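Enquirer: My questions all concern the structure below.
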2 protein chains.
Amino acid sequence: MKIVLIGTGNVAMHLGPALIKAGHEVIQLVGRTEKHSKFLANKLSCDYTINKKQISPKADTYIVALRDEAIGLYSKHIPSEAKLVVHTSGSVNANVFSGITQHYGVLYPIQTLSTKRKINFETIPLCLEANSEKAKKKLLTLAKSLSKEVHWTSHDQRQTIHLAAVFANNFSNHLFALAEDMLTKKGMSFDLIRPLIAETAAKVQKSSAHQMQTGPARRGDTETIEKHIELLKNKPQLLQIYKILTRSIQENDGPIL
Amino acid sequence: MKIVLIGTGNVAMHLGPALIKAGHEVIQLVGRTEKHSKFLANKLSCDYTINKKQISPKADTYIVALRDEAIGLYSKHIPSEAKLVVHTSGSVNANVFSGITQHYGVLYPIQTLSTKRKINFETIPLCLEANSEKAKKKLLTLAKSLSKEVHWTSHDQRQTIHLAAVFANNFSNHLFALAEDMLTKKGMSFDLIRPLIAETAAKVQKSSAHQMQTGPARRGDTETIEKHIELLKNKPQLLQIYKILTRSIQENDGPIL
């Protein structure tokens with residue numbers, strides 16, 4: 001396919017090379033800053049522009065890999081004859097494109113993408129939405145060329161996946177950060193619990209997370225919970241997080257106390 | 001060393017074979033139930049008893065791998081001539097052994113151990129405490145034979161590590177479980193976010209978790225946060241978790257809103 005890729009952020013940085021690898025032709029990259037646009041366009045051996053009014057009309061597919069609030073702003077400038085326009089957001093409605101073109105949809109990769117980390121795009125689950133049969137067919141071909149894990153999801157389901165991803169990724173990473181702070185404040189290294197974090201994630205790869213739940217809340221070990229609450233007595237926010245997650249474990253998986 | 005291993009739970013099930021592999025002689029296993037004791041004793045090719053009054057006096061090292069509240073109960077029956085008595089708990093004070101023997105300490109493995117999952121014990125960080133020079137020397141020899149990651153930690157530091165481990169492991173696993181529930185309730189598979197969970201843990205193996213923080217709270221994407229709050233409006237506990245973790249990310253790593 002002939003593709004215009006709009007965006008130079010984490011998603012575009014991973015999606016761009018994946019498109020090339022899958023044999024597509026990226027004919028133009030549209031960015032906001034000269035520096036990032038030039039960098040990614042070089043990687044993709046394609047033209048670029050930082051002027052959204054100069055989006056090429058020559059592609060058949062336009063992928064808007066922008067942060068949520070920018071999607072509407074940029075897509076107004078996509079030529080109306082575009083055969084397919086998709087965004088990559090977990091939460092924006094597909095109909096953001098309804099006034100722009102006839103065929104549109106969503107290609108949402110469920111993964112945490114950082115510019116500096118390599119990842120095999122073929123293993124990333126892609127959630128698809130399309131507004132027409134034509135869009136559906138075209139999007140499916142595109143998605144299958146990129147990943148082995150392709151799923152049609154409703155708008156409602158995608159919202160839920162995005163929310164679940166926030167819990168599983170953003171919030172768990174924040175708990176790692178809080179744990180890191182606790183250790184470094186007492187002169188210890190985050191290295192002490194890195195193997196624990198790796199194992200925690202490994203354990204749920206083939207099992208239900210409920211089955212893998214351990215710890216004082218799960219065991220009903222009130223003595224340890226009280227010690228922890230005492231340790232956190234001068235840290236109201238950590239204490240609140242501790243109490244609510246402990247209660248939630250107890251109510252979901254813990255023994256009746 | 002000649003070792004009596006007390007316990008048949010997750011820690012004993014992993015520690016027992018690691019002791020044998022390191023060339024120690026487990027002369028007796030002490031358990032609470034015939035079934036589990038026989039099973040582990042068979043694996044270790046050693047005698048066992050389920051009568052705590054029959055703990056052998058012939059060992060030089062006694063490892064109490066029991067849940068916190070049982071440590072005191074069982075250790076009363078350890079022969080007082082024991083050259084070293086240690087427990088494996090993250091939160092129990094070493095002086096639980098003070099009336100029992102002269103030389104005691106702690107050997108706390110920082111890892112989430114499940115009976116059914118294999119793990120390379122050599123990679124598990126071990127936190128050590130000892131009450132005497134003699135105990136210190138003996139414990140260090142023992143610990144180094146088991147793992148490449150051996151650390152002396154104070155009582156205070158061990159409490160912090162244990163608390164940090166609860167945040168990084170128990171709480172993050174619970175967030176995975178909540179995410180799993182959200183998906184399955186909408187007819188979707190947990191498989192959709194398993195690669196995300198694996199990548200989240202992989203990202204912090206060599207970086208600070210703060211640097212790896214992503215998501216709407218980190219970006220200051222209030223529109224998405226409001227959508228999520230709307231999705232959770234009928235789930236007060238999930239909503240509370242969402243709000244407090246979002247606020248904590250914003251205050252720790254987020255842009256000023």
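Lettering and numbering for the structure tokens are positional, with chains as A, B, ... in the shown order, residues counted from 1 in each chain, and ligands counted from 1 in the shown order.
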Specify as number ranges by chain all residues of chain B found within 6 Å of chain A, counting only C-alpha atoms.
Expert: B: 111, 164, 167-170, 172, 175-177, 179, 194, 196-198, 200-201, 205, 209-210, 214-215
Enquirer: Which residues are close to Asn51 (chain A), i.e. within 8 Å by only C-alpha atoms, leaving aside same-chain residues fewer than 2 positions away? Reply as a list in words.
Expert: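 Near neighbours after the sequence-gap exclusion: Val30, Gly31, Arg32, Thr49, Lys53, Gln54 and Ile55 of chain A.
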Enquirer: Which one is closest to Thr101 (chain B): B:Ala70, B:Ala135, B:Ile50, B:Ile27? Count only C-alpha atoms.
Expert: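 Distance minimum relative to Thr101 (chain B) lands on B:Ala135.
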Enquirer: Quick one: pull the distance between CA of Thr115 (chain B) and CA of His14 (chain B), Å, one decimal.
Expert: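 Between CA of Thr115 (chain B) and CA of His14 (chain B) the gap works out to 7.4 Å.
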Enquirer: Please, which residues of region 68-192 of chain A, numbered as in this document, come out strand (DSSP E or B) from DSSP, as a list in words?
Expert: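 Across region 68-192 of chain A, those assigned strand (DSSP E or B) are Leu84, Val85, Val86, His87, Tyr104, Gly105, Val106, Leu107, Tyr108, Pro109, Leu126, Cys127, Leu128, Glu129, Ala130, Val150, His151 and Trp152 of chain A.
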Enquirer: Going by DSSP on the backbone, which residues of region 77-247 of chain B come out as helix (DSSP H, G or I)? List them as an MDAnalysis selection string.
Expert: chainID B and resid 94:97 121:123 133:146 155:185 190:203 216:219 222:231 236:247
